[in-house]
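Asker: One structure, pasted below without further comment.
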Amino acid sequence: MARKLLLEHINVPGINTLEVYRQQGGYRAVEKALKTLTPDEVVEEVKKSGLRGRGGAGFPTGMKWSFLAKPEGVERYLVCNADESEPGTFKDRYLMTYIPHALIEGMIVASFALGAKTSYIYVRGEMMPQIRILEKAIAEAKNAGFLGKNILGTGYDLELYVQPGGGAYICGEETALIESLEGKRGNPRIKPPFPAIAGLYNCPTVVNNVESIAAIVPIINDGGDEYAKVGIGRSTGTKLISAGGNLNKPGVYEIELGLPVEEFIYSDEYCGGIANGKRLKAVVAGGSSVPILPANLILKTLNGESRLMSYESLADGGFATGTMMGSGGFIAFDEDQCIVRNTWNFTRFYHHESCGQCSPCREGTGWMEKVLHRLEYGHGKLSDMDLLVDVSKKIEGNTICPLGDAAAWPVASAIRHFRDEFEWHVTNPQEAVQRNYGLAHYADPLPPVGEPA
């Protein structure tokens with residue numbers, strides 16, 4: 001059995017309560033950190049662990065903490081980004097639902113390390129059950145003396161609040177999240193200054209993902225060096241993967257980084273293979289923002305080596321033949337799935353969620369959606385593929401935040417690896433539409449791109 005650091009006690013009845021969580025060793029990390037370590041020593045343990053941000057970018061967490069400015073007399077803040085909205089990603093919601101105290105404990109330790117006296121968990125607005133669960137867990141922790149004034153008699157004070165978001169995907173970007181926390185429209189800020197210098201209320205702020213915060217608990221309990229022994233290379237520790245799509249056993253899995261992708265898909269310990277005995281066609285390995293890969297490239301690198309579930313192995317080959325770990329939203333497509341239809345679906349999402357602040361993203365996502373819609377409904381042209389690639393290049397790297405890149409990469413990679421399928425939609429429009437929707441949709445009039453409906 002694979003080693004579990006976050007979900008070891010997931011099946012213990014009542015693990016969502018403080019009483020049972022403490023029976024399983026919960027809040028030992030708080031006692032150890034606050035009573036035996038200095039804030040700098042906690043940061044050093046996180047650095048030694050090699051923990052990388054689990055929200056998507058994979059930036060070293062300890063290094064991010066060390067960038068936090070510490071001007072005299074100025075408040076510092078820790079914000080947990082629980083605005084999980086990436087299509088195909090649901091592991092943070094799982095953690096908050098079943099082991100809320102793991103997040104609370106991690107928040108206390110991380111806040112202590114950063115010198116924060118007030119911290120926030122910013123939760124996606126649609127997650128009302130999780131918001132109630134977290135608020136109950138915070139109340140339990142406060143009643144037990146783990147939050148509030150003079151925690152465990154150490155002189156450290158911390159107030160922790162849950163802040164519901166407005167259901168906007170853009171607020172998953174850390175500066176847009178901060179704007180939303182301040183009561184403003186959730187538009188990303190131009191950087192620099194970075195949040196570590198001027199974040200919430202213009203004060204030094206660290207924003208970390210739910211899973212990243214929860215991982216602080218085993219790091220402090222066992223030590224950073226022990227945590228670094230799990231995983232492979234610079235991909236240390238375990239990772240929560242949201243497995244979905246055409247799999248026999250979709251769900252949330254905790255894997256040791258370095259697990260072969262093929263084993264993750266086909267092993268009975270994990271996803272149990274492709275549903276209904278069909279063949280694997282493609283995989284989106286890290287949430288809808290990352291490049292899609294065909295079956296041959298997700299199972300093996302271009303050099304013929306087994307592709308591993310690690311930051312380095314998934315990125316092997318760059319975007320030409322590789323992808324990204326991203327948020328860990330692993331979506332498998334079987335042989336019957338239409339890549340054009342799924343690419344259009346992803347693009348619709350990004351067009352809808354664009355804040356509109358940057359012209360390349362605002363206009364580019366709209367054009368890509370229209371062109372993909374045209375292709376999907378049998379009105380495409382062979383030149384549309386080059387048009388889509390051109391638009392994606394004009395978006396990539398030309399926006400304030402990564403949402404533009406997130407919209408461009410899936411489109412560019414889908415055409416790169418499945419161009420023949422896009423062309424088939426042009427040369428066989430009636431068959432393509434009938435396969436996906438039925439014959440009636442083929443006759444639907446569709447205005448040319450750029451003209452009003």
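By convention here, the chains of the structure tokens are called A, B, ... in the order presented, each chain's residues are numbered starting at 1, and ligands are numbered starting at 1 in the order presented.
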Any chance you could tabulate, as a Markdown table, the residues of stretch 405-439 of chain A at most 7 Å from stretch 375-388 of chain A with each one's nearest atom pair and distance in Å to one decimal, using only C-alpha atoms, in chain and rising number order?

Answerer:
```
| residue | atom | partner | partner_atom | distance |
| --- | --- | --- | --- | --- |
| A:Ile415 | CA | A:Met385 | CA | 6.8 |
| A:Glu423 | CA | A:Leu382 | CA | 6.2 |
| A:His425 | CA | A:Leu375 | CA | 6.4 |
| A:Val426 | CA | A:Gly380 | CA | 5.3 |
| A:Pro429 | CA | A:Gly378 | CA | 4.2 |
| A:Gln430 | CA | A:Gly378 | CA | 6.3 |
| A:Val433 | CA | A:Tyr377 | CA | 5.8 |
```

Asker: From stretch 185-377 of chain A, collect each residue whose DSSP state is alpha helix (DSSP H) and return the set as an MDAnalysis selection string.

Answerer: chainID A and resid 210:214 216:222 224:228 261:266 295:299 311:314 318:321 339:353 359:376

Asker: Applying 7 Å and only C-alpha atoms, which residues near stretch 389-402 of chain A remain after dropping the ones on its own chain fewer than 4 positions away? List them as a PDB file with N, CA and C atoms, in the first residue's frame.

Answerer:
```pdb
ATOM      1  N   PRO A 188      -7.343  40.573 -10.921  1.00  0.00           N
ATOM      2  CA  PRO A 188      -5.927  40.406 -10.581  1.00  0.00           C
ATOM      3  C   PRO A 188      -5.177  41.735 -10.608  1.00  0.00           C
ATOM      4  N   ILE A 190      -1.585  43.971 -11.004  1.00  0.00           N
ATOM      5  CA  ILE A 190      -0.302  43.946 -11.702  1.00  0.00           C
ATOM      6  C   ILE A 190       0.796  43.707 -10.665  1.00  0.00           C
ATOM      7  N   CYS A 358      -7.911  42.157 -19.324  1.00  0.00           N
ATOM      8  CA  CYS A 358      -6.876  42.142 -20.359  1.00  0.00           C
ATOM      9  C   CYS A 358      -7.494  41.820 -21.716  1.00  0.00           C
ATOM     10  N   PRO A 360      -6.200  40.605 -24.578  1.00  0.00           N
ATOM     11  CA  PRO A 360      -5.908  39.311 -25.196  1.00  0.00           C
ATOM     12  C   PRO A 360      -6.766  38.175 -24.645  1.00  0.00           C
ATOM     13  N   CYS A 361      -7.007  38.184 -23.338  1.00  0.00           N
ATOM     14  CA  CYS A 361      -7.823  37.136 -22.720  1.00  0.00           C
ATOM     15  C   CYS A 361      -9.299  37.362 -23.015  1.00  0.00           C
ATOM     16  N   GLY A 364      -9.615  37.097 -26.920  1.00  0.00           N
ATOM     17  CA  GLY A 364      -9.090  35.839 -27.450  1.00  0.00           C
ATOM     18  C   GLY A 364      -9.899  34.627 -27.046  1.00  0.00           C
ATOM     19  N   MET A 385      -7.962  25.763 -37.787  1.00  0.00           N
ATOM     20  CA  MET A 385      -6.950  25.254 -36.865  1.00  0.00           C
ATOM     21  C   MET A 385      -5.785  26.230 -36.734  1.00  0.00           C
ATOM     22  N   ALA A 406      -3.959  29.640 -19.243  1.00  0.00           N
ATOM     23  CA  ALA A 406      -4.782  28.462 -18.954  1.00  0.00           C
ATOM     24  C   ALA A 406      -5.787  28.198 -20.066  1.00  0.00           C
ATOM     25  N   ALA A 408      -5.290  29.207 -23.284  1.00  0.00           N
ATOM     26  CA  ALA A 408      -4.572  28.993 -24.541  1.00  0.00           C
ATOM     27  C   ALA A 408      -3.947  27.608 -24.643  1.00  0.00           C
ATOM     28  N   ALA A 412      -4.100  24.923 -27.923  1.00  0.00           N
ATOM     29  CA  ALA A 412      -2.899  24.700 -28.728  1.00  0.00           C
ATOM     30  C   ALA A 412      -2.459  23.242 -28.693  1.00  0.00           C
TER      31      ALA A 412
END
```

Asker: With only C-alpha atoms as the basis for distance, which of A:Arg341, A:Lys47, A:Arg307, A:Lys4 is at the shortest distance from A:Leu259?

Answerer: A:Arg307

Asker: I'd like to know which of A:His351, A:Arg52, A:Thr175, A:Gly233 is closest to A:Pro192, using only C-alpha atoms.

Answerer: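 Among the listed residues, A:Thr175 lies closest to A:Pro192.
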
Asker: Would you list the contacts of A:Ala82 as JSON, numbers by chain, taking every protein, DNA or RNA residue within 9 Å and counting only C-alpha atoms, but skipping same-chain residues closer than 2 positions in sequence?

Answerer: {"A": [80, 84, 85, 92, 93, 96, 121, 122, 123, 124, 172, 208, 209, 210]}

Asker: With only C-alpha atoms counted and 8 Å as the cut-off, give the residues of stretch 199-312 of chain A in contact with stretch 75-78 of chain A, each with its shortest interatomic distance in Å and the pair that gives it, as a Markdown table.

Answerer:
```
| residue | atom | partner | partner_atom | distance |
| --- | --- | --- | --- | --- |
| A:Leu200 | CA | A:Tyr77 | CA | 7.1 |
| A:Cys203 | CA | A:Arg76 | CA | 6.0 |
| A:Pro204 | CA | A:Arg76 | CA | 5.1 |
| A:Thr205 | CA | A:Tyr77 | CA | 4.7 |
| A:Val206 | CA | A:Leu78 | CA | 5.0 |
| A:Val207 | CA | A:Leu78 | CA | 6.1 |
| A:Asn208 | CA | A:Leu78 | CA | 7.8 |
```

Asker: Enter the distance from atom CA of A:Val20 to atom CA of A:Leu5, in Å, rounded to one decimal.

Answerer: 17.1 Å

Asker: Write out as an MDAnalysis selection string all residues of stretch 246-280 of chain A that backbone DSSP assigns to strand (DSSP E or B).

Answerer: chainID A and resid 247 251:256 260 274 280

Asker: With C-alpha atoms kept, could you save the residues just selected as a PDB file, in the first residue's frame?

Answerer:
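Below is the file selection-v3.pdb, written as the result:
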```
ATOM      1  CA  LEU A 247     -12.221   5.667 -15.297  1.00  0.00           C
ATOM      2  CA  GLY A 251     -12.222   9.766  -6.890  1.00  0.00           C
ATOM      3  CA  VAL A 252      -9.539  11.431  -4.773  1.00  0.00           C
ATOM      4  CA  TYR A 253      -6.311   9.481  -4.347  1.00  0.00           C
ATOM      5  CA  GLU A 254      -3.207  10.268  -2.325  1.00  0.00           C
ATOM      6  CA  ILE A 255      -0.188   9.118  -4.295  1.00  0.00           C
ATOM      7  CA  GLU A 256       3.504   9.161  -3.545  1.00  0.00           C
ATOM      8  CA  PRO A 260       4.101   5.718 -12.876  1.00  0.00           C
ATOM      9  CA  ILE A 274     -10.615   2.708 -18.378  1.00  0.00           C
ATOM     10  CA  LEU A 280      -7.348   5.279 -23.373  1.00  0.00           C
TER      11      LEU A 280
END
```

Asker: Which residues are near stretch 147-156 of chain A? Cut-off 7 Å, only C-alpha atoms, ignore same chain within fewer than 6 positions. Put them as a PyMOL selection string.

Answerer: chain A and resi 34-35+141

Asker: Quick one: write out the picked residues with N, CA and C atoms as a compact mmCIF listing (two decimals), in the first residue's frame?

Answerer:
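Once written, again09.txt looks like this:
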```
# COMPACT_ATOMS: atom_id res chain seq x y z
N LEU A 34 4.57 25.47 18.46
CA LEU A 34 4.43 26.63 19.34
C LEU A 34 5.25 26.50 20.62
N LYS A 35 5.49 25.26 21.07
CA LYS A 35 6.18 25.07 22.35
C LYS A 35 7.67 24.78 22.22
N ALA A 141 -11.90 24.12 17.67
CA ALA A 141 -10.49 24.39 17.95
C ALA A 141 -10.34 25.56 18.92
```

Asker: Determine the nearest neighbour of A:Gly329 from the options A:Glu226, A:Asp157, A:Glu41, A:Glu86, counting only C-alpha atoms.

Answerer: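 Counting only C-alpha atoms, the residue closest to A:Gly329 is A:Glu86.
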
Asker: Excluding same-chain residues fewer than 2 positions from A:Cys355, what lies within 8 Å of it counting only C-alpha atoms, as a list in words?

Answerer: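 Everything that qualifies: Ile170, Gly186, Asn187, Glu353, Gln357, Cys358 and Arg362 of chain A.
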